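Novice: run05.pdb is reproduced below (PDB, C-alpha atoms).
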```
MODEL        1
ATOM      1  CA  MET A   1    -132.841  32.085-128.743
ATOM      2  CA  GLY A   2    -133.646  30.398-132.070
ATOM      3  CA  ASP A   3    -136.629  28.130-132.611
ATOM      4  CA  SER A   4    -134.571  24.939-132.330
ATOM      5  CA  ALA A   5    -132.785  25.990-129.132
ATOM      6  CA  HIS A   6    -136.049  27.222-127.635
ATOM      7  CA  ALA A   7    -137.742  23.945-128.552
ATOM      8  CA  ARG A   8    -134.976  21.884-126.944
ATOM      9  CA  THR A   9    -135.297  23.868-123.720
ATOM     10  CA  GLN A  10    -139.062  23.451-123.669
ATOM     11  CA  THR A  11    -139.019  19.752-124.487
ATOM     12  CA  ARG A  12    -136.412  18.960-121.830
ATOM     13  CA  ARG A  13    -138.734  20.607-119.329
ATOM     14  CA  GLN A  14    -141.600  18.517-120.694
ATOM     15  CA  VAL A  15    -139.534  15.321-120.387
ATOM     16  CA  ARG A  16    -138.861  16.165-116.744
ATOM     17  CA  ASP A  17    -142.479  16.969-115.941
ATOM     18  CA  PHE A  18    -143.845  13.989-117.867
ATOM     19  CA  LEU A  19    -141.566  11.417-116.221
ATOM     20  CA  THR A  20    -142.001  12.935-112.773
ATOM     21  CA  GLY A  21    -145.770  12.888-113.142
ATOM     22  CA  ARG A  22    -145.861   9.309-114.406
ATOM     23  CA  ARG A  23    -143.608   8.168-111.568
ATOM     24  CA  ALA A  24    -145.825   9.920-109.017
ATOM     25  CA  ARG A  25    -149.007   8.211-110.196
ATOM     26  CA  LEU A  26    -147.654   4.687-109.530
ATOM     27  CA  THR A  27    -147.375   2.895-106.214
ATOM     28  CA  PRO A  28    -144.908   0.086-105.464
ATOM     29  CA  GLY A  29    -147.832  -2.328-105.470
ATOM     30  CA  ASP A  30    -148.711  -1.285-109.028
ATOM     31  CA  VAL A  31    -145.376  -2.606-110.282
ATOM     32  CA  GLY A  32    -145.036  -5.679-108.085
ATOM     33  CA  LEU A  33    -142.823  -4.188-105.375
ATOM     34  CA  PRO A  34    -143.396  -4.684-101.627
ATOM     35  CA  ALA A  35    -146.239  -2.738-100.059
ATOM     36  CA  VAL A  36    -145.646   0.884 -99.080
ATOM     37  CA  ARG A  37    -144.474   1.503 -95.531
ATOM     38  CA  ALA A  38    -146.558   3.880 -93.440
ATOM     39  CA  ASN A  39    -143.649   6.320 -93.014
ATOM     40  CA  ARG A  40    -142.771   6.463 -96.729
ATOM     41  CA  ARG A  41    -142.334  10.113 -97.718
ATOM     42  CA  VAL A  42    -142.189   9.809-101.500
ATOM     43  CA  ARG A  43    -145.418  10.094-103.471
ATOM     44  CA  GLY A  44    -145.436   7.278-105.990
ATOM     45  CA  LEU A  45    -142.293   5.398-106.962
ATOM     46  CA  ARG A  46    -138.791   6.458-105.988
ATOM     47  CA  ARG A  47    -136.272   7.188-108.732
ATOM     48  CA  GLU A  48    -134.153   4.241-107.655
ATOM     49  CA  GLU A  49    -137.182   1.957-107.975
ATOM     50  CA  VAL A  50    -137.835   3.101-111.529
ATOM     51  CA  ALA A  51    -134.158   2.693-112.378
ATOM     52  CA  ALA A  52    -134.123  -0.860-111.003
ATOM     53  CA  LEU A  53    -137.268  -1.782-112.921
ATOM     54  CA  ALA A  54    -135.770  -0.324-116.118
ATOM     55  CA  GLY A  55    -132.389  -2.003-115.605
ATOM     56  CA  ILE A  56    -130.369   1.217-115.589
ATOM     57  CA  SER A  57    -128.336   3.051-112.978
ATOM     58  CA  VAL A  58    -129.994   5.528-110.645
ATOM     59  CA  ASP A  59    -127.714   8.333-111.873
ATOM     60  CA  TYR A  60    -128.649   7.571-115.466
ATOM     61  CA  TYR A  61    -132.349   7.692-114.684
ATOM     62  CA  ILE A  62    -131.971  10.918-112.668
ATOM     63  CA  ARG A  63    -130.218  12.524-115.644
ATOM     64  CA  LEU A  64    -133.056  11.418-117.918
ATOM     65  CA  GLU A  65    -135.758  12.648-115.559
ATOM     66  CA  ARG A  66    -134.026  16.027-115.389
ATOM     67  CA  GLY A  67    -134.560  16.278-119.134
ATOM     68  CA  ASP A  68    -131.014  15.449-120.233
ATOM     69  CA  ALA A  69    -131.695  12.639-122.714
ATOM     70  CA  ARG A  70    -128.607  13.030-124.908
ATOM     71  CA  GLY A  71    -127.625   9.691-126.384
ATOM     72  CA  VAL A  72    -130.422   7.727-124.718
ATOM     73  CA  SER A  73    -131.248   4.702-126.849
ATOM     74  CA  ASP A  74    -134.707   3.582-127.909
ATOM     75  CA  GLY A  75    -134.118   0.412-125.877
ATOM     76  CA  VAL A  76    -133.539   2.354-122.672
ATOM     77  CA  LEU A  77    -136.629   4.468-123.311
ATOM     78  CA  ARG A  78    -138.627   1.320-123.963
ATOM     79  CA  ASN A  79    -137.466  -0.114-120.624
ATOM     80  CA  VAL A  80    -138.285   3.124-118.808
ATOM     81  CA  GLY A  81    -141.703   3.116-120.465
ATOM     82  CA  ARG A  82    -142.348  -0.413-119.244
ATOM     83  CA  ALA A  83    -141.200   0.503-115.727
ATOM     84  CA  LEU A  84    -143.606   3.461-115.674
ATOM     85  CA  ARG A  85    -146.420   1.438-117.272
ATOM     86  CA  LEU A  86    -146.654   3.810-120.239
ATOM     87  CA  ASP A  87    -149.160   2.832-122.897
ATOM     88  CA  GLU A  88    -148.453   3.120-126.631
ATOM     89  CA  THR A  89    -149.591   6.743-126.869
ATOM     90  CA  GLU A  90    -147.558   7.813-123.862
ATOM     91  CA  HIS A  91    -144.461   5.962-125.065
ATOM     92  CA  ALA A  92    -144.693   7.632-128.492
ATOM     93  CA  HIS A  93    -145.025  11.003-126.764
ATOM     94  CA  LEU A  94    -141.915  10.337-124.675
ATOM     95  CA  LEU A  95    -139.966   9.399-127.814
ATOM     96  CA  ASP A  96    -141.138  12.603-129.516
ATOM     97  CA  LEU A  97    -140.008  14.713-126.580
ATOM     98  CA  VAL A  98    -136.640  13.016-126.176
ATOM     99  CA  ARG A  99    -135.733  13.135-129.865
ATOM    100  CA  ALA A 100    -136.739  16.785-130.110
ATOM    101  CA  GLY A 101    -134.890  17.607-126.909
ATOM    102  CA  ASP A 102    -131.619  16.021-127.975
ATOM    103  CA  GLY A 103    -131.806  17.455-131.501
ATOM    104  CA  ALA A 104    -132.099  14.043-133.160
ATOM    105  CA  ARG A 105    -135.387  14.903-134.794
ATOM    106  CA  PRO A 106    -135.539  17.970-137.058
ATOM    107  CA  CYS A 107    -137.711  20.757-135.747
ATOM    108  CA  ARG A 108    -140.555  21.823-138.031
ATOM    109  CA  PRO A 109    -141.040  25.591-137.666
ATOM    110  CA  VAL A 110    -144.633  26.817-137.896
ATOM    111  CA  ALA A 111    -144.945  30.095-139.738
ATOM    112  CA  GLY A 112    -148.313  31.808-139.518
ATOM    113  CA  ALA A 113    -151.731  30.231-139.839
ATOM    114  CA  ALA A 114    -152.255  26.772-141.321
ATOM    115  CA  VAL A 115    -153.540  26.713-144.892
ATOM    116  CA  LEU A 116    -156.362  24.557-146.203
ATOM    117  CA  ARG A 117    -155.461  22.926-149.507
ATOM    118  CA  PRO A 118    -157.966  23.578-152.335
ATOM    119  CA  SER A 119    -158.691  19.870-152.769
ATOM    120  CA  VAL A 120    -159.564  19.544-149.075
ATOM    121  CA  ARG A 121    -161.776  22.632-149.393
ATOM    122  CA  ARG A 122    -163.652  20.985-152.269
ATOM    123  CA  ILE A 123    -164.115  17.804-150.240
ATOM    124  CA  LEU A 124    -165.498  19.805-147.318
ATOM    125  CA  ASP A 125    -167.928  21.721-149.500
ATOM    126  CA  SER A 126    -169.162  18.519-151.165
ATOM    127  CA  MET A 127    -170.281  17.188-147.760
ATOM    128  CA  THR A 128    -173.627  18.979-147.705
ATOM    129  CA  THR A 129    -175.342  16.760-145.096
ATOM    130  CA  THR A 130    -172.298  16.174-142.859
ATOM    131  CA  PRO A 131    -170.904  18.869-140.530
ATOM    132  CA  ALA A 132    -167.142  18.862-141.076
ATOM    133  CA  LEU A 133    -164.206  20.965-139.905
ATOM    134  CA  VAL A 134    -160.438  20.852-140.343
ATOM    135  CA  LEU A 135    -158.471  21.784-137.220
ATOM    136  CA  ASP A 136    -154.780  22.513-136.852
ATOM    137  CA  GLY A 137    -152.542  21.441-133.972
ATOM    138  CA  ARG A 138    -153.642  24.458-131.934
ATOM    139  CA  LEU A 139    -157.288  23.431-132.485
ATOM    140  CA  ALA A 140    -157.970  26.499-134.588
ATOM    141  CA  VAL A 141    -160.402  25.980-137.446
ATOM    142  CA  VAL A 142    -158.466  25.893-140.713
ATOM    143  CA  GLY A 143    -161.636  25.352-142.718
ATOM    144  CA  ALA A 144    -165.215  24.169-142.349
ATOM    145  CA  ASN A 145    -168.154  23.467-144.580
ATOM    146  CA  ALA A 146    -171.390  25.430-144.259
ATOM    147  CA  LEU A 147    -173.026  22.843-142.019
ATOM    148  CA  GLY A 148    -169.952  22.673-139.791
ATOM    149  CA  ARG A 149    -170.085  26.437-139.309
ATOM    150  CA  ALA A 150    -173.808  26.248-138.578
ATOM    151  CA  LEU A 151    -173.303  23.492-135.994
ATOM    152  CA  TYR A 152    -170.523  25.442-134.270
ATOM    153  CA  GLN A 153    -172.306  28.789-134.622
ATOM    154  CA  PRO A 154    -171.785  29.814-130.950
ATOM    155  CA  MET A 155    -168.027  29.321-131.267
ATOM    156  CA  TYR A 156    -167.835  31.420-134.428
ATOM    157  CA  GLY A 157    -169.874  34.175-132.850
ATOM    158  CA  ALA A 158    -167.547  34.363-129.846
ATOM    159  CA  CYS A 159    -164.104  33.884-131.391
ATOM    160  CA  GLY A 160    -164.170  35.306-134.920
ATOM    161  CA  ASN A 161    -161.367  33.154-136.335
ATOM    162  CA  ALA A 162    -162.728  30.108-134.585
ATOM    163  CA  SER A 163    -160.603  28.379-131.951
ATOM    164  CA  VAL A 164    -161.970  25.288-130.237
ATOM    165  CA  ALA A 165    -159.442  25.638-127.411
ATOM    166  CA  ARG A 166    -160.320  29.253-126.621
ATOM    167  CA  PHE A 167    -164.040  28.542-126.912
ATOM    168  CA  VAL A 168    -163.847  25.582-124.510
ATOM    169  CA  PHE A 169    -161.816  27.302-121.809
ATOM    170  CA  THR A 170    -162.579  31.016-122.058
ATOM    171  CA  ASP A 171    -166.212  31.296-123.186
ATOM    172  CA  PRO A 172    -168.992  30.437-120.693
ATOM    173  CA  ALA A 173    -171.243  29.524-123.641
ATOM    174  CA  ALA A 174    -169.145  26.379-124.185
ATOM    175  CA  ARG A 175    -170.564  24.797-121.032
ATOM    176  CA  SER A 176    -174.075  25.201-122.410
ATOM    177  CA  PHE A 177    -173.082  24.089-125.902
ATOM    178  CA  TRP A 178    -171.512  20.830-124.646
ATOM    179  CA  PRO A 179    -173.556  19.165-121.864
ATOM    180  CA  ASP A 180    -170.531  16.900-121.311
ATOM    181  CA  TRP A 181    -168.159  19.849-121.005
ATOM    182  CA  ASP A 182    -165.697  18.056-118.722
ATOM    183  CA  VAL A 183    -165.116  15.360-121.350
ATOM    184  CA  ILE A 184    -164.614  17.971-124.069
ATOM    185  CA  ALA A 185    -162.234  19.929-121.813
ATOM    186  CA  ASP A 186    -160.160  16.817-121.136
ATOM    187  CA  ASP A 187    -159.899  15.970-124.835
ATOM    188  CA  THR A 188    -159.016  19.565-125.735
ATOM    189  CA  ALA A 189    -156.204  19.889-123.185
ATOM    190  CA  ASN A 190    -154.907  16.417-124.046
ATOM    191  CA  ALA A 191    -154.851  17.193-127.775
ATOM    192  CA  LEU A 192    -152.837  20.360-127.159
ATOM    193  CA  ARG A 193    -150.415  18.433-124.923
ATOM    194  CA  ALA A 194    -149.907  15.784-127.615
ATOM    195  CA  ALA A 195    -149.337  18.480-130.240
ATOM    196  CA  SER A 196    -146.740  20.176-128.048
ATOM    197  CA  GLY A 197    -144.694  16.979-128.054
ATOM    198  CA  SER A 198    -145.029  16.222-131.751
ATOM    199  CA  ASN A 199    -143.883  19.692-132.803
ATOM    200  CA  PRO A 200    -142.155  21.686-130.057
ATOM    201  CA  CYS A 201    -141.070  24.352-132.575
ATOM    202  CA  ASP A 202    -144.641  25.682-132.715
ATOM    203  CA  ARG A 203    -144.176  28.779-130.600
ATOM    204  CA  GLY A 204    -147.755  29.802-131.318
ATOM    205  CA  LEU A 205    -148.922  26.666-129.542
ATOM    206  CA  GLY A 206    -146.745  27.505-126.551
ATOM    207  CA  GLU A 207    -148.198  31.009-126.450
ATOM    208  CA  LEU A 208    -151.722  29.614-126.675
ATOM    209  CA  THR A 209    -151.248  27.164-123.814
ATOM    210  CA  ALA A 210    -149.647  29.863-121.670
ATOM    211  CA  GLU A 211    -152.602  32.145-122.395
ATOM    212  CA  LEU A 212    -155.137  29.449-121.545
ATOM    213  CA  ALA A 213    -153.308  28.507-118.333
ATOM    214  CA  ALA A 214    -153.381  32.159-117.257
ATOM    215  CA  ARG A 215    -157.068  32.597-118.101
ATOM    216  CA  SER A 216    -158.476  29.253-116.983
ATOM    217  CA  THR A 217    -157.686  27.260-113.860
ATOM    218  CA  GLU A 218    -159.646  24.400-115.471
ATOM    219  CA  PHE A 219    -157.141  24.332-118.317
ATOM    220  CA  ALA A 220    -154.110  24.802-116.056
ATOM    221  CA  SER A 221    -155.017  21.792-113.913
ATOM    222  CA  ARG A 222    -155.558  19.600-116.968
ATOM    223  CA  TRP A 223    -152.357  20.805-118.640
ATOM    224  CA  ASP A 224    -150.334  19.871-115.581
ATOM    225  CA  ARG A 225    -151.562  16.273-115.774
ATOM    226  CA  HIS A 226    -149.656  15.638-119.032
ATOM    227  CA  ASP A 227    -152.495  13.396-120.209
ATOM    228  CA  LEU A 228    -152.556  12.556-123.911
ATOM    229  CA  HIS A 229    -155.628  10.509-124.675
ATOM    230  CA  VAL A 230    -158.051  12.008-127.180
ATOM    231  CA  ALA A 231    -161.169  10.295-128.496
ATOM    232  CA  ARG A 232    -160.892   9.793-132.272
ATOM    233  CA  THR A 233    -164.376   8.344-132.574
ATOM    234  CA  GLY A 234    -167.443   8.311-130.382
ATOM    235  CA  THR A 235    -170.566  10.348-129.716
ATOM    236  CA  ARG A 236    -170.959  13.981-128.749
ATOM    237  CA  ARG A 237    -173.963  15.650-127.200
ATOM    238  CA  ILE A 238    -174.503  19.220-128.348
ATOM    239  CA  ALA A 239    -177.097  21.711-127.133
ATOM    240  CA  HIS A 240    -177.487  23.978-130.153
ATOM    241  CA  PRO A 241    -179.088  27.375-129.423
ATOM    242  CA  LEU A 242    -181.331  27.175-132.527
ATOM    243  CA  VAL A 243    -182.219  23.508-133.061
ATOM    244  CA  GLY A 244    -181.915  22.122-129.546
ATOM    245  CA  ARG A 245    -180.140  19.003-128.333
ATOM    246  CA  LEU A 246    -178.370  16.683-130.761
ATOM    247  CA  THR A 247    -176.557  13.413-130.230
ATOM    248  CA  LEU A 248    -174.022  13.004-133.027
ATOM    249  CA  PRO A 249    -171.490  10.250-133.701
ATOM    250  CA  PHE A 250    -168.141  11.677-134.815
ATOM    251  CA  GLU A 251    -164.948  10.608-136.535
ATOM    252  CA  SER A 252    -161.635  12.446-136.302
ATOM    253  CA  THR A 253    -158.780  11.569-138.624
ATOM    254  CA  PRO A 254    -155.368  13.165-139.299
ATOM    255  CA  LEU A 255    -154.737  14.475-142.802
ATOM    256  CA  ALA A 256    -151.539  12.648-143.699
ATOM    257  CA  ALA A 257    -150.499  15.157-146.369
ATOM    258  CA  ASP A 258    -150.983  18.107-144.001
ATOM    259  CA  PRO A 259    -149.045  17.472-140.767
ATOM    260  CA  GLY A 260    -150.902  18.748-137.740
ATOM    261  CA  GLN A 261    -154.272  19.034-139.482
ATOM    262  CA  THR A 262    -157.228  16.851-138.500
ATOM    263  CA  LEU A 263    -160.567  16.324-140.217
ATOM    264  CA  LEU A 264    -163.507  16.208-137.786
ATOM    265  CA  MET A 265    -166.831  14.900-139.130
ATOM    266  CA  TYR A 266    -170.237  14.392-137.544
ATOM    267  CA  SER A 267    -173.086  12.168-138.655
ATOM    268  CA  ALA A 268    -176.600  11.398-137.445
ATOM    269  CA  ALA A 269    -178.473   8.131-137.188
ATOM    270  CA  PRO A 270    -181.086   7.756-139.969
ATOM    271  CA  GLY A 271    -184.523   8.878-138.871
ATOM    272  CA  SER A 272    -183.228  10.433-135.646
ATOM    273  CA  ALA A 273    -184.112  13.832-134.241
ATOM    274  CA  ALA A 274    -180.475  14.793-134.785
ATOM    275  CA  GLN A 275    -180.772  14.015-138.506
ATOM    276  CA  ASP A 276    -183.886  16.198-138.709
ATOM    277  CA  ALA A 277    -181.994  19.010-136.985
ATOM    278  CA  LEU A 278    -179.071  18.714-139.417
ATOM    279  CA  HIS A 279    -181.500  18.835-142.357
ATOM    280  CA  ILE A 280    -182.979  22.037-140.942
ATOM    281  CA  MET A 281    -179.543  23.611-140.573
ATOM    282  CA  ALA A 282    -178.563  22.433-144.054
ATOM    283  CA  SER A 283    -181.594  24.202-145.500
ATOM    284  CA  TRP A 284    -180.405  27.441-143.894
ATOM    285  CA  THR A 285    -176.907  27.141-145.332
ATOM    286  CA  THR A 286    -177.673  26.111-148.913
ATOM    287  CA  ALA A 287    -176.535  29.485-150.221
ATOM    288  CA  ASP A 288    -173.430  29.589-148.027
ATOM    289  CA  ARG A 289    -170.701  27.489-149.631
ATOM    290  CA  GLY A 290    -167.573  29.660-149.155
ATOM    291  CA  GLY A 291    -165.465  31.237-146.413
ATOM    292  CA  ARG A 292    -164.032  29.690-143.325
TER     293      ARG A 292
ENDMDL
END
```
Would you mind giving the structure from this file in structure tokens?
Specialist:
Amino acid sequence: MGDSAHARTQTRRQVRDFLTGRRARLTPGDVGLPAVRANRRVRGLRREEVAALAGISVDYYIRLERGDARGVSDGVLRNVGRALRLDETEHAHLLDLVRAGDGARPCRPVAGAAVLRPSVRRILDSMTTTPALVLDGRLAVVGANALGRALYQPMYGACGNASVARFVFTDPAARSFWPDWDVIADDTANALRAASGSNPCDRGLGELTAELAARSTEFASRWDRHDLHVARTGTRRIAHPLVGRLTLPFESTPLAADPGQTLLMYSAAPGSAAQDALHIMASWTTADRGGR
């Protein structure tokens, strides 16, 4: 099976699982329908209830929920999204899946490892007081500056070619490194789920998620939720094995010229203990300006 045919099969399955899961999380009361009867057997909304709320026939909605979205208009998907109370991120994900599944959106094959452009490399290396990494859609490190490698030293030691996803879910050290491991685990699984919808032709991503699901029940349970929300800004607590605990604000931004790549940057409040710790790590890495 070619990449495009394989992707269509996978995305139709994702459409089915996504819609089924979103229907199951709602109760009639959530959408203004009469209260649930005590003998109601269906968890969440019934298909006919979603169809009525979306203004489409039950058969049409059943076909869509089975993953057959051929010819479905944006208007119908918008109505289904409203019926299921999808937010903007979830609606965009549904559109991605449907258009990939029906062949309306070209599939972008992913061949081999992502490449860091030289200009991005120079930008990374110029950030001598800011830990920074570029991640691909599989959350593998495409490139990092010296301070970024120093901050994530436990991940590099465990994984070689560093992978945030494998570190989070397969290395016990991750739970010590991130005191708020559950939050990091949620964001990691959600980011992989979002990436699987935006580019279903990435077989490597499918292999990675299958591997993680087999190795980690924590990942498998999160993957099955089909959640998509990832923090793009906020604060992370890190327990570094050499400099101790740090509280670091972060920013994460997609690189528009490099689809699938994201720049992750950390900072520290002036005069804080975290800033002192970053200065210490920076002094160790002054001579290290190359490599991944």
Novice: Determine the residue membership of the PyMOL selection byres ((chain A and resi 260-263) around 9) for the file above and supply it as a list in words.
Specialist: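 Here the PyMOL selection byres ((chain A and resi 260-263) around 9) matches Ala114, Leu116, Ala132, Leu133, Val134, Leu135, Asp136, Gly137, Arg138, Leu139, Val142, Ala195, Ser198, Asn199, Glu251, Ser252, Thr253, Pro254, Leu255, Ala256, Ala257, Asp258, Pro259, Leu264 and Met265 of chain A.
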Novice: Between region 220-260 of chain A and region 8-15 of chain A, at 12 Å or less, what are the per-residue closest atom pairs and their distances in Å? Count all atoms listed in the file, order by chain and rising residue number, and return it as a tab-separated table.
Specialist:
```
residue	atom	partner	partner_atom	distance
A:Trp223	CA	A:Gln14	CA	11.2
A:Asp224	CA	A:Gln14	CA	10.2
A:Arg225	CA	A:Gln14	CA	11.3
A:His226	CA	A:Gln14	CA	8.7
```
Novice: Can I get the selection written as a tab-separated table (two decimals), in the frame of the given file, with C-alpha atoms?
Specialist:
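This went into out12.tsv:
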```
chain	number	residue	atom	x	y	z
A	223	TRP	CA	-152.36	20.80	-118.64
A	224	ASP	CA	-150.33	19.87	-115.58
A	225	ARG	CA	-151.56	16.27	-115.77
A	226	HIS	CA	-149.66	15.64	-119.03
```
Novice: Within 12 Å of region 204-216 of chain A, which residues of region 101-189 of chain A show up? Give each one with its shortest atom-to-atom distance in Å (one decimal) and the two atoms involved, counting all atoms listed in the file, rows by chain then rising residue number, as CSV.
Specialist:
```
residue,atom,partner,partner_atom,distance
A:Pro109,CA,A:Gly204,CA,10.2
A:Val110,CA,A:Gly204,CA,7.9
A:Ala111,CA,A:Gly204,CA,8.9
A:Gly112,CA,A:Gly204,CA,8.5
A:Ala113,CA,A:Gly204,CA,9.4
A:Ala114,CA,A:Gly204,CA,11.4
A:Asp136,CA,A:Leu205,CA,10.2
A:Gly137,CA,A:Leu205,CA,7.7
A:Arg138,CA,A:Leu205,CA,5.7
A:Leu139,CA,A:Leu205,CA,9.4
A:Ala140,CA,A:Leu205,CA,10.4
A:Ser163,CA,A:Leu208,CA,10.4
A:Val164,CA,A:Leu208,CA,11.7
A:Ala165,CA,A:Leu212,CA,8.2
A:Arg166,CA,A:Leu212,CA,7.3
A:Phe167,CA,A:Leu212,CA,10.4
A:Val168,CA,A:Ser216,CA,9.9
A:Phe169,CA,A:Ser216,CA,6.2
A:Thr170,CA,A:Ser216,CA,6.8
A:Asp171,CA,A:Ser216,CA,10.1
A:Pro172,CA,A:Ser216,CA,11.2
A:Ala185,CA,A:Ser216,CA,11.2
A:Thr188,CA,A:Thr209,CA,11.0
A:Ala189,CA,A:Thr209,CA,8.8
```
Novice: Hey, can you check how far CA of Ala174 (chain A) sits from CA of Thr128 (chain A)?
Specialist: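 For CA of Ala174 (chain A) relative to CA of Thr128 (chain A), the distance reads 25.1 Å.
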Novice: Could you tell me which of A:Val31, A:Phe177, A:Val72, A:Val230 comes closest to Ala191 (chain A) if we count all atoms listed in the file?
Specialist: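 That would be A:Val230, the residue with the smallest distance to Ala191 (chain A).
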Novice: As a PDB file, in the frame of the given file, please: region 44-62 of chain A completed to N, CA and C atoms.
Specialist:
```pdb
ATOM      1  N   GLY A  44    -145.696   8.108-104.826  1.00  0.00           N
ATOM      2  CA  GLY A  44    -145.436   7.278-105.990  1.00  0.00           C
ATOM      3  C   GLY A  44    -144.139   6.500-105.842  1.00  0.00           C
ATOM      4  N   LEU A  45    -143.546   6.145-106.972  1.00  0.00           N
ATOM      5  CA  LEU A  45    -142.293   5.398-106.962  1.00  0.00           C
ATOM      6  C   LEU A  45    -141.104   6.310-106.702  1.00  0.00           C
ATOM      7  N   ARG A  46    -140.061   5.742-106.108  1.00  0.00           N
ATOM      8  CA  ARG A  46    -138.791   6.458-105.988  1.00  0.00           C
ATOM      9  C   ARG A  46    -138.025   6.328-107.295  1.00  0.00           C
ATOM     10  N   ARG A  47    -137.088   7.251-107.513  1.00  0.00           N
ATOM     11  CA  ARG A  47    -136.272   7.188-108.732  1.00  0.00           C
ATOM     12  C   ARG A  47    -135.485   5.885-108.789  1.00  0.00           C
ATOM     13  N   GLU A  48    -134.959   5.458-107.646  1.00  0.00           N
ATOM     14  CA  GLU A  48    -134.153   4.241-107.655  1.00  0.00           C
ATOM     15  C   GLU A  48    -135.008   3.011-107.986  1.00  0.00           C
ATOM     16  N   GLU A  49    -136.289   3.066-107.646  1.00  0.00           N
ATOM     17  CA  GLU A  49    -137.182   1.957-107.975  1.00  0.00           C
ATOM     18  C   GLU A  49    -137.445   1.899-109.477  1.00  0.00           C
ATOM     19  N   VAL A  50    -137.644   3.066-110.074  1.00  0.00           N
ATOM     20  CA  VAL A  50    -137.835   3.101-111.529  1.00  0.00           C
ATOM     21  C   VAL A  50    -136.571   2.625-112.229  1.00  0.00           C
ATOM     22  N   ALA A  51    -135.424   3.090-111.755  1.00  0.00           N
ATOM     23  CA  ALA A  51    -134.158   2.693-112.378  1.00  0.00           C
ATOM     24  C   ALA A  51    -133.968   1.181-112.303  1.00  0.00           C
ATOM     25  N   ALA A  52    -134.275   0.594-111.146  1.00  0.00           N
ATOM     26  CA  ALA A  52    -134.123  -0.860-111.003  1.00  0.00           C
ATOM     27  C   ALA A  52    -135.069  -1.604-111.940  1.00  0.00           C
ATOM     28  N   LEU A  53    -136.299  -1.133-112.041  1.00  0.00           N
ATOM     29  CA  LEU A  53    -137.268  -1.782-112.921  1.00  0.00           C
ATOM     30  C   LEU A  53    -136.854  -1.669-114.388  1.00  0.00           C
ATOM     31  N   ALA A  54    -136.188  -0.553-114.728  1.00  0.00           N
ATOM     32  CA  ALA A  54    -135.770  -0.324-116.118  1.00  0.00           C
ATOM     33  C   ALA A  54    -134.407  -0.934-116.417  1.00  0.00           C
ATOM     34  N   GLY A  55    -133.693  -1.404-115.388  1.00  0.00           N
ATOM     35  CA  GLY A  55    -132.389  -2.003-115.605  1.00  0.00           C
ATOM     36  C   GLY A  55    -131.296  -1.013-115.925  1.00  0.00           C
ATOM     37  N   ILE A  56    -131.390   0.194-115.363  1.00  0.00           N
ATOM     38  CA  ILE A  56    -130.369   1.217-115.589  1.00  0.00           C
ATOM     39  C   ILE A  56    -129.930   1.757-114.229  1.00  0.00           C
ATOM     40  N   SER A  57    -128.828   2.506-114.235  1.00  0.00           N
ATOM     41  CA  SER A  57    -128.336   3.051-112.978  1.00  0.00           C
ATOM     42  C   SER A  57    -129.234   4.194-112.511  1.00  0.00           C
ATOM     43  N   VAL A  58    -129.207   4.434-111.205  1.00  0.00           N
ATOM     44  CA  VAL A  58    -129.994   5.528-110.645  1.00  0.00           C
ATOM     45  C   VAL A  58    -129.540   6.862-111.221  1.00  0.00           C
ATOM     46  N   ASP A  59    -128.228   7.069-111.326  1.00  0.00           N
ATOM     47  CA  ASP A  59    -127.714   8.333-111.873  1.00  0.00           C
ATOM     48  C   ASP A  59    -128.192   8.546-113.303  1.00  0.00           C
ATOM     49  N   TYR A  60    -128.206   7.469-114.074  1.00  0.00           N
ATOM     50  CA  TYR A  60    -128.649   7.571-115.466  1.00  0.00           C
ATOM     51  C   TYR A  60    -130.117   7.966-115.535  1.00  0.00           C
ATOM     52  N   TYR A  61    -130.934   7.343-114.669  1.00  0.00           N
ATOM     53  CA  TYR A  61    -132.349   7.692-114.684  1.00  0.00           C
ATOM     54  C   TYR A  61    -132.568   9.125-114.196  1.00  0.00           C
ATOM     55  N   ILE A  62    -131.830   9.542-113.170  1.00  0.00           N
ATOM     56  CA  ILE A  62    -131.971  10.918-112.668  1.00  0.00           C
ATOM     57  C   ILE A  62    -131.643  11.915-113.769  1.00  0.00           C
TER      58      ILE A  62
END
```
